[in-house]
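Trainee: Let me give you the structure first, and then I'll get to my questions.
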Amino acid sequence: MSIDRPEHVSKTANGEPVTFLEAISEALWEEMERDPSVFLMGEDIGVYGGAFKVTRGFLDGFGPERVIDTPISEAGFTGAAAGAAHMGLRPVVEMQFMDFISPAYDVITNYIATSRYRGSGPQPLVIRGPVGGGNRGGPFHSQNVEMAFFHTPGLKIVYPSTPYDAKGLLKAAIRDDDPVIFEEHKGLYRAPYLREILPTDDYVVTIGKARTARQGEGLTVVTYGLMVHRSLEAAERLAEEGVQMEVLDLRTLLPLDDEAIMTSVKKTGRLLVVHEDTRTGGIAGEIAIRVNEQAFEWLDAPILRVTSIDAPVPYAAALEDHFLPGVSDIVEAARYLAQY
Amino acid sequence: MSIDRPEHVSKTANGEPVTFLEAISEALWEEMERDPSVFLMGEDIGVYGGAFKVTRGFLDGFGPERVIDTPISEAGFTGAAAGAAHMGLRPVVEMQFMDFISPAYDVITNYIATSRYRGSGPQPLVIRGPVGGGNRGGPFHSQNVEMAFFHTPGLKIVYPSTPYDAKGLLKAAIRDDDPVIFEEHKGLYRAPYLREILPTDDYVVTIGKARTARQGEGLTVVTYGLMVHRSLEAAERLAEEGVQMEVLDLRTLLPLDDEAIMTSVKKTGRLLVVHEDTRTGGIAGEIAIRVNEQAFEWLDAPILRVTSIDAPVPYAAALEDHFLPGVSDIVEAARYLAQY
Amino acid sequence: MASDLGARAPDPDFDPPAFFTLITRARALRRALAELELSSPEYGDPSSDDLLRRNRREEGVELAVALALRARTDGSGDILIPARDSLAAPLAFGATPLEVFRQAMGRASAPTGGWEGGARWTDLDRGLLAPVSPEGTMIEVASGVGLSLRMQASERIVVVLAGDGSSSGGAWHEGLNFAAVQRVPLLLVVIRSGSPTGAGGRPRHSRLVSFLDKCAGYGIEGDAADGDDLPAIHRATAERANRARSGAGVQLLEIRAPEADAFQTFRSQLRSSGEFEEPELSRIEDDADAELREALETARAEPEAFLTAGAEAQ
Amino acid sequence: MASDLGARAPDPDFDPPAFFTLITRARALRRALAELELSSPEYGDPSSDDLLRRNRREEGVELAVALALRARTDGSGDILIPARDSLAAPLAFGATPLEVFRQAMGRASAPTGGWEGGARWTDLDRGLLAPVSPEGTMIEVASGVGLSLRMQASERIVVVLAGDGSSSGGAWHEGLNFAAVQRVPLLLVVIRSGSPTGAGGRPRHSRLVSFLDKCAGYGIEGDAADGDDLPAIHRATAERANRARSGAGVQLLEIRAPEADAFQTFRSQLRSSGEFEEPELSRIEDDADAELREALETARAEPEAFLTAGAEAQ
Ligand SMILES: Cc1ncc(C[n+]2csc(CCOP(=O)(O)OP(=O)(O)O)c2C)c(N)n1
Ligand SMILES: Cc1ncc(C[n+]2csc(CCOP(=O)(O)OP(=O)(O)O)c2C)c(N)n1
Ligand SMILES: [Mg+2]
Ligand SMILES: [Mg+2]
């Protein structure tokens, strides 16, 4: 299939740098071109092009059978994706904001995640959408949703931090036979500092593999999403103090890349987990117990974490800034660990 | 208000021992007698008396305004409970099986849990129902649901292991101004070994306080629900080997009783977390990182865990037995830790 | 109630002998499972097994519906999503008692290898898609199955069997609405059990009088049939299925609560109509019993399900 | 469209001056918020703010509805659950522009102390219950509010304002069905925006023609009114509210998509009908502007919200 590509999904082909958001659009476009079984569903993704314009021009390119504007019915269209996946299609559904995935919690955890176990076969589908705070979106347009699903066997969860990874991981997710929840931080979508030139060749980034975003010997920071960049900023500051922080970008949260985590922890002996999601029941806990199980003897200090506070994401700017983990919170915790 | 109590909720008054299930029935009955704002909603709880007969006789005792047979509509009646709670009532809703709480995930996490933060006031309601495996119930009648909600600020989660605690904690939950998720393990409901004579006086068990189910110096097992009894069995076996296991029954999962956990860990230096819920993303992680944060220097060994495996609860007996954590799994892990 | 088969408009496709064979097998299977105390895996508490269970009278309804559909074994037929505790309809789509026993007994040889019980497994070649317990979910899933069929411009349809109570749930609504908007070839068969007034000890699920009253609100088509009138159910199913096949979008078929024991009624009708002699009927029953006995023994002798290493990760 | 106020059956309770004052304030408030670039807190992406936002023409509808209800300040009135981005209806129930500014600007003095924005706060004395974003949830919550009112045998009712799109969600269905089954005094006002055919760039949410077609399926009562005919909306609301008050159970009121700018239309009607002179209208507008300016300045000067120690645990 060959469809005239609109300019905004041709940047890589033209050798131009792309934003995080454009990388996602390109991944979707290219997978739809490559594989006619891939199709999209979501609220306002067609005529309107999506709340964040990720699918602008897609309806024209692929038509209404493959770019389906749905009712406001997250459970309905996610369940429909499950049905279509049984029939050999590869649906990619967009949650307008990932906060609105919760009406689909039942069908995702009880139907989609269990399908393979129940002998009903694979569920090659992707649920993607914007997450994260810092946009003054208040409690229902700012959530991170990983911990709602992290506990559910049968799902994969991907949360990229760069355009390169976003494109490669989304392609991998679409080609994966398991259901993948794909989180896109709104703070990354159009961040100018992330623009990068991507390979013109088709590539994927393997699901389940972390990435060392910065090498260091002093301590390990395990993080993902927007917090990768906050952590890198913190690392710069700490480097001035002579502390070399290693930053591990998980990229995939489920399954966790135990090997990458343990390798780094065994090297540095100190672990700080940084996540934007709220504290209690955040992913830091699972990482901590895995390190206990697999690398306890290498620990020179307690495993610590920097996270949002335990509350809904507040609306007011001042509250939200206080709520979110900041660079200085990371610097402080890392310094403490380095000196431990 | 004084209503003739049927015999099956009069055992304590008559000085007879009660089962776990009867303790729950008594708590509900007594709270409804004490406080006219308490009322019940759920599927088949009225005419039929509930799938497990927890509310047998309640419709006769309190009438259809206070014992409401609902449609199969977990989101609907849980949302209705939220509305009634705003109006000064204290609804107690029953999930026929807690597995079916998932359609209500949205209203619980986004509405009920956030109400107080959003300035909409407290939500004095209880969501209770049967949980847990071992009954050959298959993937949809066996789940533990704590980790679906543990990550949500604004909720409390209670999971008792004895008739005494079940009665006292359910009363406390009903009187609490915050929303409480109350898990009742089916394996405890009618277990003869749990029958006990309860105080005839009105009493509550404070939410948020763990209980030392067995004293020991060798290592700490932190657990809850049915696994308390499995752990006590393991403790007996280990005692024969000279290992003294302390068993801490959390009783409340959210908020966690950090103080009790740290006190025990500081005493034994060794921690094993045992939960029936599946492994990845289970509560063991949060406990592990809290111990790292608060008691790392006291640890003489890695924090380990014994859990179900990462899968839906299987239907077949042989699979389910393999899936669930057994006494020998606990013995083995505890022995390893004691010898570490 | 179809008190007189012959007096109705003839339904050339309704095949009483085939029907009798199936209902005999279905009934024998349910009884065997009940004897195994395995018929109600959903309820650990034995005191609740009289609750909520699909009324056995619905066996007749299920078969009358299923026999009006295109059951194939090569993946070219209709897709049937049975109710959570259906047995009869899956049999009509080629599920075997042996498979059901293996499921119920948690055998390694069971279609789901022990992960699920009952007639809840998926075999798309036979057009069987396994339901999950949470009510309504399967209508959402069916909307996507139907969407795919529509995209393929196939003549196949997807059929969901559901109780009336499930209509109170959000999943029922979202699935039906999405399917309606997308005009997918979906036939939803609502089998009523409760009385609409909430009388008779059954809780009230809705204030509607007939499910047909729901059609306009979704912009879909519908029909209703008496739960005891098996030929009428068969005919109405065939009509609705044809509408769905021909692009008319979602079809709803309401089956009013059956009151008679379909097996007994049907059996005496077959005899009194002179279509069958007693020995013939007895032979069919004996065959079913023999099949079941053999299947049961086979399943019993087979090894239990086991977890292969790394099964957690599948 | 109410092209001629005087020609209609008189609605003694519809009070044009009160209405004009409120719509003037509501409109001024919305404009001020828009200027503050705070009117659309839900969308971080500025390019999407033309999408999905409550059409400002709906201000007239909201007020015509709200003014037909019992707004009290001592907790004895009706309970209003506005739409997620309502401004006009809350004003009619006693919310003040100052409070809205405080919310929007995240002031410590805001009714929610900075935790939420917009006119989304709860004050049951004034009968205001804050909506959350997920569509449909508030109908579930309203069913429980109504249940409580019914238990108290009060004459109060609960009223939900909602868009048409939210009707596709499970929460909408479960809430409405539960309320219908329980016969609670709930009035659901559905304000249509999209075209039912999905034309005009708006996605299709349903195949229904009118929301009244949903009533029989839930066993509830309903009525419809033209979105531009404010007195008709007012009258229909009052009628439905009375039905709910008198125990007739759930009421649905469909408001067909308004097409005119209610403020402009209403203003010229007031003038051409001779009821008001231009100076009088201008004075009302100036008063509203003055109120808003003052409120804005007050809110601006106030301190930002802050987290008190231990706020996490609340
Ligand atoms: C969402 C959900 N809640 C609760 C249950 C538990 N449950 C199993 S069967 C049943 C009754 C179903 O009634 P109906 O849909 O009318 O089916 P029938 O048994 O009458 O055929 C219930 C409540 C469930 N399966 N799903
Ligand atoms: C469950 C859910 N999904 C998605 C959204 C995002 N969203 C906000 S407004 C809106 C459109 C609402 O349409 P409608 O109910 O018709 O209201 P209108 O804006 O037309 O008045 C959507 C999809 C939401 N609020 N809730
Ligand atoms: Mg039924
Ligand atoms: Mg609308």
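Identifiers in this document derive from the order of the structure tokens: chains are assigned A, B, ..., residues are numbered from 1 separately in each chain, and ligands are numbered from 1 in order of occurrence.
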Give the residue list for ligand 4 at 6 Å, counting only C-alpha atoms and all ligand atoms, as a PyMOL selection string, sorted by chain and then by residue number.
Mentor: chain D and resi 163-165+192-194
Trainee: Fewer than 2 positions away in the same chain doesn't count, so skip those; otherwise give me all residues within 9 Å of Met95 of chain B, counting only C-alpha atoms, as a ChimeraX atom specification.
Mentor: /B:42-43,74,93,97-101,127-130
Trainee: Select, as a PyMOL selection string, those residues of chain A with any atom no more than 9 Å from chain C (distances computed using only C-alpha atoms).
Mentor: chain A and resi 65+70-71+73-89+106-107+110-111+116-121+153-154
Trainee: Which residues, written as a PyMOL selection string, have at least one atom at most 12 Å from Glu58 of chain D, with only C-alpha atoms counted and residues fewer than 3 positions away on the same chain left out?
Mentor: chain D and resi 23+26-27+30+53-55+61-65+83+85-89+161-163+190-193+226-230+233+255-263
Trainee: Kindly provide the residues of chain A that approach chain B to within 6 Å, each paired with its closest atom pair and their distance in Å to one decimal, based on only C-alpha atoms, listed by chain and increasing number, as a tab-separated table.
Mentor:
residue	atom	partner	partner_atom	distance
A:Ser102	CA	B:Asp106	CA	4.9
A:Pro103	CA	B:Asp106	CA	5.3
A:Asp106	CA	B:Ser102	CA	4.8
A:His151	CA	B:Gly281	CA	4.6
A:Pro153	CA	B:Ala311	CA	5.2
A:Thr280	CA	B:His151	CA	5.8
A:Gly281	CA	B:His151	CA	4.6
A:Gly285	CA	B:Gly285	CA	3.9
A:Glu286	CA	B:Gly285	CA	4.3
A:Ala288	CA	B:Ile289	CA	5.5
A:Ile289	CA	B:Gly285	CA	5.2
A:Asn292	CA	B:Pro302	CA	5.0
A:Phe296	CA	B:Pro302	CA	5.6
A:Pro302	CA	B:Asn292	CA	5.0
A:Ile303	CA	B:Asn292	CA	5.7
A:Asp310	CA	B:Pro153	CA	5.5
A:Ala311	CA	B:Pro153	CA	5.3
Trainee: As a PyMOL selection string, please: every residue in segment 43-272 of chain D that DSSP puts in strand (DSSP E).
Mentor: chain D and resi 79-81+158-163+186-191+221-226+251-256
Trainee: What are the DSSP helix (DSSP H, G or I) residues of segment 4-199 of chain A, as a ChimeraX atom specification?
Mentor: /A:7-9,20-34,58-62,74-86,98-112,138-140,146-149,163-175,186-189,192-194
Trainee: Counting only C-alpha atoms, what are the residues of chain D within 8 Å of chain C, and for each of them which pair of atoms is the nearest and at what distance in Å, to one decimal? Sort the table by chain and rising number, as a tab-separated table.
Mentor:
residue	atom	partner	partner_atom	distance
D:Ser168	CA	C:Glu174	CA	6.1
D:Gly169	CA	C:Glu174	CA	5.9
D:Gly170	CA	C:Gly170	CA	3.5
D:Ala171	CA	C:Gly170	CA	6.1
D:Trp172	CA	C:Gly170	CA	7.9
D:His173	CA	C:Gly170	CA	6.0
D:Glu174	CA	C:Gly170	CA	5.7
D:Asn177	CA	C:Ser206	CA	6.4
D:Phe178	CA	C:Ser206	CA	7.8
D:Ala180	CA	C:Arg207	CA	6.8
D:Val181	CA	C:Ser206	CA	5.6
D:Arg204	CA	C:Val181	CA	7.1
D:His205	CA	C:Val181	CA	7.0
D:Ser206	CA	C:Val181	CA	5.6
D:Arg207	CA	C:Gly219	CA	4.7
D:Leu208	CA	C:Gly219	CA	4.9
D:Val209	CA	C:Gly219	CA	7.5
D:Ser210	CA	C:Gly217	CA	7.8
D:Phe211	CA	C:Gly217	CA	6.9
D:Leu212	CA	C:Gly217	CA	7.8
D:Asp213	CA	C:Gly217	CA	4.8
D:Lys214	CA	C:Gly217	CA	4.2
D:Cys215	CA	C:Gly217	CA	7.7
D:Ala216	CA	C:Asp213	CA	5.5
D:Gly217	CA	C:Lys214	CA	4.2
D:Tyr218	CA	C:Leu208	CA	5.4
D:Gly219	CA	C:Arg207	CA	4.7
D:Ile220	CA	C:Arg207	CA	7.8
